[in-house]
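Engineer: What follows is coords06.cif; its format and atoms are mmCIF, C-alpha atoms; chains and numbers go by the auth columns.
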```
data_final
loop_
_atom_site.group_PDB
_atom_site.id
_atom_site.type_symbol
_atom_site.label_atom_id
_atom_site.label_comp_id
_atom_site.label_asym_id
_atom_site.label_seq_id
_atom_site.Cartn_x
_atom_site.Cartn_y
_atom_site.Cartn_z
_atom_site.B_iso_or_equiv
_atom_site.auth_seq_id
_atom_site.auth_asym_id
ATOM 1 C CA MET A 1 -12.316 -14.210 1.857 0.00 1 A
ATOM 2 C CA ASN A 2 -14.571 -15.838 -0.695 0.00 2 A
ATOM 3 C CA VAL A 3 -17.536 -13.894 -2.065 0.00 3 A
ATOM 4 C CA ASP A 4 -20.454 -15.841 -3.536 0.00 4 A
ATOM 5 C CA LEU A 5 -21.261 -14.454 -6.995 0.00 5 A
ATOM 6 C CA LEU A 6 -23.962 -16.936 -8.047 0.00 6 A
ATOM 7 C CA ARG A 7 -26.930 -14.655 -7.273 0.00 7 A
ATOM 8 C CA LEU A 8 -25.161 -11.759 -8.996 0.00 8 A
ATOM 9 C CA GLN A 9 -24.395 -13.760 -12.137 0.00 9 A
ATOM 10 C CA ASN A 10 -27.963 -15.071 -12.348 0.00 10 A
ATOM 11 C CA GLY A 11 -29.419 -11.570 -12.092 0.00 11 A
ATOM 12 C CA ILE A 12 -31.184 -12.226 -8.777 0.00 12 A
ATOM 13 C CA ASP A 13 -29.166 -9.521 -6.972 0.00 13 A
ATOM 14 C CA LYS A 14 -27.809 -6.300 -8.458 0.00 14 A
ATOM 15 C CA LYS A 15 -24.814 -6.164 -6.095 0.00 15 A
ATOM 16 C CA VAL A 16 -22.983 -8.082 -3.394 0.00 16 A
ATOM 17 C CA LYS A 17 -22.363 -5.929 -0.325 0.00 17 A
ATOM 18 C CA ILE A 18 -19.173 -6.436 1.672 0.00 18 A
ATOM 19 C CA ASN A 19 -18.681 -5.226 5.225 0.00 19 A
ATOM 20 C CA GLU A 20 -15.957 -7.306 6.897 0.00 20 A
ATOM 21 C CA THR A 21 -13.143 -6.953 9.396 0.00 21 A
ATOM 22 C CA TYR A 22 -10.088 -9.077 8.723 0.00 22 A
ATOM 23 C CA SER A 23 -6.884 -9.754 10.687 0.00 23 A
ATOM 24 C CA PHE A 24 -3.968 -10.816 8.527 0.00 24 A
ATOM 25 C CA PRO A 25 -1.894 -13.841 9.588 0.00 25 A
ATOM 26 C CA LYS A 26 1.565 -13.217 10.992 0.00 26 A
ATOM 27 C CA GLU A 27 3.229 -15.187 8.164 0.00 27 A
ATOM 28 C CA MET A 28 1.924 -12.759 5.524 0.00 28 A
ATOM 29 C CA LEU A 29 2.956 -9.734 7.572 0.00 29 A
ATOM 30 C CA GLU A 30 6.512 -10.898 8.278 0.00 30 A
ATOM 31 C CA VAL A 31 7.270 -11.180 4.562 0.00 31 A
ATOM 32 C CA ALA A 32 6.113 -7.578 4.064 0.00 32 A
ATOM 33 C CA GLY A 33 8.004 -6.139 7.045 0.00 33 A
ATOM 34 C CA VAL A 34 4.829 -5.286 8.962 0.00 34 A
ATOM 35 C CA SER A 35 4.689 -6.176 12.647 0.00 35 A
ATOM 36 C CA LYS A 36 0.924 -6.168 13.049 0.00 36 A
ATOM 37 C CA LEU A 37 -2.201 -5.524 10.995 0.00 37 A
ATOM 38 C CA ASP A 38 -5.341 -6.417 12.888 0.00 38 A
ATOM 39 C CA ASP A 39 -8.891 -5.391 12.164 0.00 39 A
ATOM 40 C CA ALA A 40 -8.542 -4.134 8.604 0.00 40 A
ATOM 41 C CA HIS A 41 -12.032 -2.937 7.685 0.00 41 A
ATOM 42 C CA ILE A 42 -13.224 -3.869 4.190 0.00 42 A
ATOM 43 C CA GLU A 43 -16.379 -2.216 2.938 0.00 43 A
ATOM 44 C CA GLY A 44 -17.908 -1.905 -0.506 0.00 44 A
ATOM 45 C CA GLU A 45 -19.720 -3.815 -3.172 0.00 45 A
ATOM 46 C CA ILE A 46 -19.238 -6.077 -6.151 0.00 46 A
ATOM 47 C CA THR A 47 -21.456 -5.567 -9.186 0.00 47 A
ATOM 48 C CA LEU A 48 -21.625 -6.472 -12.844 0.00 48 A
ATOM 49 C CA ASP A 49 -20.881 -3.640 -15.241 0.00 49 A
ATOM 50 C CA ALA A 50 -22.665 -2.947 -18.544 0.00 50 A
ATOM 51 C CA ILE A 51 -20.770 -5.678 -20.407 0.00 51 A
ATOM 52 C CA GLY A 52 -21.280 -8.271 -17.665 0.00 52 A
ATOM 53 C CA GLU A 53 -17.798 -8.077 -16.166 0.00 53 A
ATOM 54 C CA VAL A 54 -17.355 -8.236 -12.396 0.00 54 A
ATOM 55 C CA TYR A 55 -16.684 -4.726 -11.031 0.00 55 A
ATOM 56 C CA LEU A 56 -15.092 -4.089 -7.616 0.00 56 A
ATOM 57 C CA SER A 57 -15.728 -1.013 -5.515 0.00 57 A
ATOM 58 C CA LEU A 58 -14.043 -1.462 -2.142 0.00 58 A
ATOM 59 C CA GLU A 59 -12.543 0.671 0.595 0.00 59 A
ATOM 60 C CA VAL A 60 -9.974 -0.872 2.913 0.00 60 A
ATOM 61 C CA SER A 61 -8.853 0.955 6.036 0.00 61 A
ATOM 62 C CA GLY A 62 -6.897 0.135 9.135 0.00 62 A
ATOM 63 C CA VAL A 63 -3.705 0.706 11.060 0.00 63 A
ATOM 64 C CA MET A 64 -0.528 -1.244 10.411 0.00 64 A
ATOM 65 C CA ILE A 65 2.309 -1.388 12.912 0.00 65 A
ATOM 66 C CA ILE A 66 5.736 -0.943 11.296 0.00 66 A
ATOM 67 C CA PRO A 67 9.145 -0.817 13.024 0.00 67 A
ATOM 68 C CA CYS A 68 10.825 2.607 13.161 0.00 68 A
ATOM 69 C CA ALA A 69 13.757 2.876 10.742 0.00 69 A
ATOM 70 C CA ILE A 70 15.994 4.311 13.488 0.00 70 A
ATOM 71 C CA THR A 71 14.895 2.831 16.813 0.00 71 A
ATOM 72 C CA LEU A 72 12.939 -0.257 15.667 0.00 72 A
ATOM 73 C CA LYS A 73 10.134 0.789 18.034 0.00 73 A
ATOM 74 C CA PRO A 74 6.623 0.062 16.721 0.00 74 A
ATOM 75 C CA VAL A 75 5.032 2.925 14.793 0.00 75 A
ATOM 76 C CA SER A 76 1.315 3.085 13.924 0.00 76 A
ATOM 77 C CA TYR A 77 0.704 3.849 10.262 0.00 77 A
ATOM 78 C CA PRO A 78 -2.954 4.380 9.295 0.00 78 A
ATOM 79 C CA PHE A 79 -4.034 3.612 5.733 0.00 79 A
ATOM 80 C CA ASP A 80 -7.158 4.049 3.650 0.00 80 A
ATOM 81 C CA ILE A 81 -7.238 2.409 0.218 0.00 81 A
ATOM 82 C CA VAL A 82 -9.868 2.643 -2.514 0.00 82 A
ATOM 83 C CA ILE A 83 -9.993 -0.345 -4.864 0.00 83 A
ATOM 84 C CA GLU A 84 -12.208 0.362 -7.813 0.00 84 A
ATOM 85 C CA GLY A 85 -12.349 -1.130 -11.274 0.00 85 A
ATOM 86 C CA PRO A 86 -13.139 -4.246 -13.282 0.00 86 A
ATOM 87 C CA LEU A 87 -11.856 -7.546 -11.902 0.00 87 A
ATOM 88 C CA SER A 88 -9.662 -8.098 -14.973 0.00 88 A
ATOM 89 C CA GLU A 89 -7.676 -5.003 -13.965 0.00 89 A
ATOM 90 C CA PHE A 90 -6.660 -6.623 -10.677 0.00 90 A
ATOM 91 C CA GLN A 91 -5.970 -10.162 -11.842 0.00 91 A
ATOM 92 C CA ASP A 92 -2.595 -11.098 -13.272 0.00 92 A
ATOM 93 C CA SER A 93 -2.996 -13.532 -16.160 0.00 93 A
ATOM 94 C CA ASP A 94 0.540 -14.928 -15.676 0.00 94 A
ATOM 95 C CA GLU A 95 0.143 -15.590 -11.966 0.00 95 A
ATOM 96 C CA GLU A 96 0.038 -19.259 -10.993 0.00 96 A
ATOM 97 C CA ASN A 97 -2.664 -18.714 -8.396 0.00 97 A
ATOM 98 C CA ALA A 98 -4.956 -16.741 -10.686 0.00 98 A
ATOM 99 C CA LYS A 99 -7.861 -18.984 -11.459 0.00 99 A
ATOM 100 C CA LYS A 100 -11.104 -18.427 -13.250 0.00 100 A
ATOM 101 C CA PHE A 101 -13.955 -17.960 -10.869 0.00 101 A
ATOM 102 C CA VAL A 102 -17.214 -19.759 -11.454 0.00 102 A
ATOM 103 C CA ASN A 103 -19.508 -19.066 -8.536 0.00 103 A
ATOM 104 C CA SER A 104 -17.183 -17.418 -6.039 0.00 104 A
ATOM 105 C CA LEU A 105 -14.321 -14.965 -5.930 0.00 105 A
ATOM 106 C CA ASP A 106 -11.498 -14.718 -3.396 0.00 106 A
ATOM 107 C CA ILE A 107 -10.917 -10.976 -2.947 0.00 107 A
ATOM 108 C CA LEU A 108 -8.214 -11.336 -0.281 0.00 108 A
ATOM 109 C CA PRO A 109 -5.268 -11.491 -2.767 0.00 109 A
ATOM 110 C CA ILE A 110 -6.515 -8.287 -4.417 0.00 110 A
ATOM 111 C CA ILE A 111 -6.837 -6.542 -1.054 0.00 111 A
ATOM 112 C CA TRP A 112 -3.427 -7.773 0.113 0.00 112 A
ATOM 113 C CA GLU A 113 -1.726 -6.589 -3.080 0.00 113 A
ATOM 114 C CA ASN A 114 -3.162 -3.104 -2.603 0.00 114 A
ATOM 115 C CA ILE A 115 -2.116 -3.035 1.063 0.00 115 A
ATOM 116 C CA LEU A 116 1.428 -4.017 0.039 0.00 116 A
ATOM 117 C CA MET A 117 1.568 -0.972 -2.224 0.00 117 A
ATOM 118 C CA GLU A 118 0.638 1.256 0.737 0.00 118 A
ATOM 119 C CA ILE A 119 3.451 0.103 3.026 0.00 119 A
ATOM 120 C CA PRO A 120 5.970 2.953 3.273 0.00 120 A
ATOM 121 C CA MET A 121 9.642 2.295 2.578 0.00 121 A
ATOM 122 C CA ARG A 122 10.478 3.579 6.054 0.00 122 A
ATOM 123 C CA VAL A 123 8.830 5.302 8.979 0.00 123 A
ATOM 124 C CA VAL A 124 10.468 7.249 11.780 0.00 124 A
ATOM 125 C CA SER A 125 8.946 7.428 15.234 0.00 125 A
ATOM 126 C CA ASP A 126 8.068 10.891 16.544 0.00 126 A
ATOM 127 C CA ASP A 127 10.081 10.182 19.673 0.00 127 A
ATOM 128 C CA ALA A 128 13.224 8.994 17.846 0.00 128 A
ATOM 129 C CA ASP A 129 16.266 10.373 19.688 0.00 129 A
ATOM 130 C CA PRO A 130 18.179 12.903 17.529 0.00 130 A
ATOM 131 C CA SER A 131 21.435 11.773 19.149 0.00 131 A
ATOM 132 C CA LEU A 132 21.038 8.499 17.277 0.00 132 A
ATOM 133 C CA MET A 133 21.355 10.420 14.012 0.00 133 A
ATOM 134 C CA HIS A 134 25.082 11.118 14.254 0.00 134 A
ATOM 135 C CA GLY A 135 28.220 9.540 15.587 0.00 135 A
ATOM 136 C CA ASP A 136 31.992 9.663 15.354 0.00 136 A
ATOM 137 C CA GLY A 137 32.725 10.774 11.793 0.00 137 A
ATOM 138 C CA TRP A 138 29.201 10.228 10.405 0.00 138 A
ATOM 139 C CA ARG A 139 25.756 11.791 10.422 0.00 139 A
ATOM 140 C CA MET A 140 22.419 10.767 9.018 0.00 140 A
ATOM 141 C CA ILE A 141 21.383 12.781 5.993 0.00 141 A
ATOM 142 C CA THR A 142 17.681 13.611 5.936 0.00 142 A
ATOM 143 C CA ASP A 143 15.424 14.366 3.002 0.00 143 A
ATOM 144 C CA GLU A 144 15.025 17.990 4.128 0.00 144 A
ATOM 145 C CA GLU A 145 18.684 18.823 3.571 0.00 145 A
ATOM 146 C CA GLU A 146 19.967 20.108 0.256 0.00 146 A
ATOM 147 C CA HIS A 147 22.945 18.229 -1.102 0.00 147 A
ATOM 148 C CA PRO A 148 24.668 20.084 -3.929 0.00 148 A
ATOM 149 C CA ASN A 149 26.864 17.925 -6.068 0.00 149 A
ATOM 150 C CA PRO A 150 30.465 19.031 -5.388 0.00 150 A
ATOM 151 C CA GLY A 151 31.475 18.104 -8.918 0.00 151 A
ATOM 152 C CA LEU A 152 29.001 20.605 -10.320 0.00 152 A
ATOM 153 C CA ALA A 153 29.769 23.447 -7.888 0.00 153 A
ATOM 154 C CA GLY A 154 31.876 25.254 -10.501 0.00 154 A
ATOM 155 C CA LEU A 155 28.890 25.435 -12.850 0.00 155 A
ATOM 156 C CA GLU A 156 27.006 27.640 -10.394 0.00 156 A
ATOM 157 C CA ASP A 157 29.791 30.252 -10.647 0.00 157 A
ATOM 158 C CA LEU A 158 29.507 30.149 -14.454 0.00 158 A
ATOM 159 C CA LEU A 159 25.734 30.621 -14.263 0.00 159 A
ATOM 160 C CA GLN A 160 26.110 33.615 -11.938 0.00 160 A
ATOM 161 C CA ASP A 161 28.726 35.177 -14.234 0.00 161 A
ATOM 162 C CA SER A 162 26.460 34.783 -17.293 0.00 162 A
ATOM 163 C CA GLU A 163 23.519 36.411 -15.462 0.00 163 A
ATOM 164 C CA VAL A 164 25.643 39.503 -14.681 0.00 164 A
ATOM 165 C CA ARG A 165 26.361 40.162 -18.376 0.00 165 A
#
```
Using structure tokens, write down the structure from this file.

Structural biologist:
Amino acid sequence: MNVDLLRLQNGIDKKVKINETYSFPKEMLEVAGVSKLDDAHIEGEITLDAIGEVYLSLEVSGVMIIPCAITLKPVSYPFDIVIEGPLSEFQDSDEENAKKFVNSLDILPIIWENILMEIPMRVVSDDADPSLMHGDGWRMITDEEEHPNPGLAGLEDLLQDSEVR
């Protein structure tokens, strides 16, 4: 998604408006563990700041489809990302693909990197069957449960004894 910056750099325009819808290719999504990400809406503007550096102000929103961690059924996960700051903040100087822009800027790698940071480690479908969460001699431990460390259980008795005194 190349953005022409020539008019901005020459002072003809004060900002470059962006209002696009983009569907990511399946190859990119498979690497990230996302089943589907169609119609990501990208809206915002690119300007020059006071020192003449390219400044991004973008909002990216959409719905990604991720497999459920228990059932592998597709789960919709909405996201809304704000990308704001100077271009130098988003470019990695060590990256092979980072290249100096002259008259255009490809903002897709910046958008994709921010979307990658929004992908949750795991999602669980609302209709996941609770019977799948335990079996013969095992059960799934959830984040809501408290798990005291058995090795430190004796310390609790010491703390209670010292509070009584």

Engineer: Pick the closest to Pro120 (chain A) from A:Ser57, A:Ser162, A:Asn19, A:Ser76: which is it, counting all atoms listed in the file?

Structural biologist: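 Checking each candidate against Pro120 (chain A), we get A:Ser76 as the closest.
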
Engineer: Measuring between all atoms listed in the file, which one of A:Asp161, A:Gly85, A:Cys68, A:Arg139 shows the shortest distance to Met121 (chain A)?

Structural biologist: A:Cys68

Engineer: For the structure provided, state which residues fall under the PyMOL selection byres ((chain A and resi 30-40) around 6), and present them as a PDB file with C-alpha atoms, in the frame of the given file.

Structural biologist:
```pdb
ATOM      1  CA  THR A  21     -13.143  -6.953   9.396  1.00  0.00           C
ATOM      2  CA  TYR A  22     -10.088  -9.077   8.723  1.00  0.00           C
ATOM      3  CA  SER A  23      -6.884  -9.754  10.687  1.00  0.00           C
ATOM      4  CA  GLU A  27       3.229 -15.187   8.164  1.00  0.00           C
ATOM      5  CA  MET A  28       1.924 -12.759   5.524  1.00  0.00           C
ATOM      6  CA  LEU A  29       2.956  -9.734   7.572  1.00  0.00           C
ATOM      7  CA  HIS A  41     -12.032  -2.937   7.685  1.00  0.00           C
ATOM      8  CA  SER A  61      -8.853   0.955   6.036  1.00  0.00           C
ATOM      9  CA  GLY A  62      -6.897   0.135   9.135  1.00  0.00           C
ATOM     10  CA  MET A  64      -0.528  -1.244  10.411  1.00  0.00           C
ATOM     11  CA  ILE A  65       2.309  -1.388  12.912  1.00  0.00           C
ATOM     12  CA  ILE A  66       5.736  -0.943  11.296  1.00  0.00           C
TER      13      ILE A  66
END
```

Engineer: Can you work out which one of A:Val16, A:Val82, A:Leu105, A:Ile70 has the shortest atom-to-atom distance to Met117 (chain A), counting all atoms listed in the file?

Structural biologist: A:Val82

Engineer: Find, counting all atoms listed in the file, the residue in A:Leu56, A:Ala50, A:Ala128, A:Val123 that gets nearest to Val3 (chain A).

Structural biologist: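 Nearest candidate to Val3 (chain A) out of A:Leu56, A:Ala50, A:Ala128, A:Val123: A:Leu56.
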
Engineer: Could you tell me which of A:Ile119, A:Ile51, A:Ile18, A:Leu5 comes closest to Phe79 (chain A) if we count only C-alpha atoms?

Structural biologist: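 For Phe79 (chain A), the nearest of the candidates is A:Ile119.
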
Engineer: May I have the residues within 10 Å of Ile110 (chain A) as a count of residues only, using only C-alpha atoms and disregarding those fewer than 3 positions away in the same chain?

Structural biologist: 9

Engineer: At a cut-off of 8 Å, using only C-alpha atoms, what residues contact Glu43 (chain A)? Leave out same-chain residues fewer than 5 positions from it and give the result as a short mmCIF file (atom, residue, chain, number, x, y, z; two decimals) with C-alpha atoms, in the coordinates of the input.

Structural biologist:
```
data_model
loop_
_atom_site.label_atom_id
_atom_site.label_comp_id
_atom_site.auth_asym_id
_atom_site.auth_seq_id
_atom_site.Cartn_x
_atom_site.Cartn_y
_atom_site.Cartn_z
CA LYS A 17 -22.36 -5.93 -0.32
CA ILE A 18 -19.17 -6.44 1.67
CA ASN A 19 -18.68 -5.23 5.22
CA GLU A 20 -15.96 -7.31 6.90
CA LEU A 58 -14.04 -1.46 -2.14
CA GLU A 59 -12.54 0.67 0.60
CA VAL A 60 -9.97 -0.87 2.91
#
```

Engineer: Nearest to Lys14 (chain A): which of A:Ala69, A:Met1, A:Val54, A:Leu152 is it, counting only C-alpha atoms?

Structural biologist: A:Val54

Engineer: Go ahead and compute the interatomic distance for CA of Asp13 (chain A) and CA of Glu89 (chain A), in Å to one decimal.

Structural biologist: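 For CA of Asp13 (chain A) relative to CA of Glu89 (chain A), the distance reads 23.0 Å.
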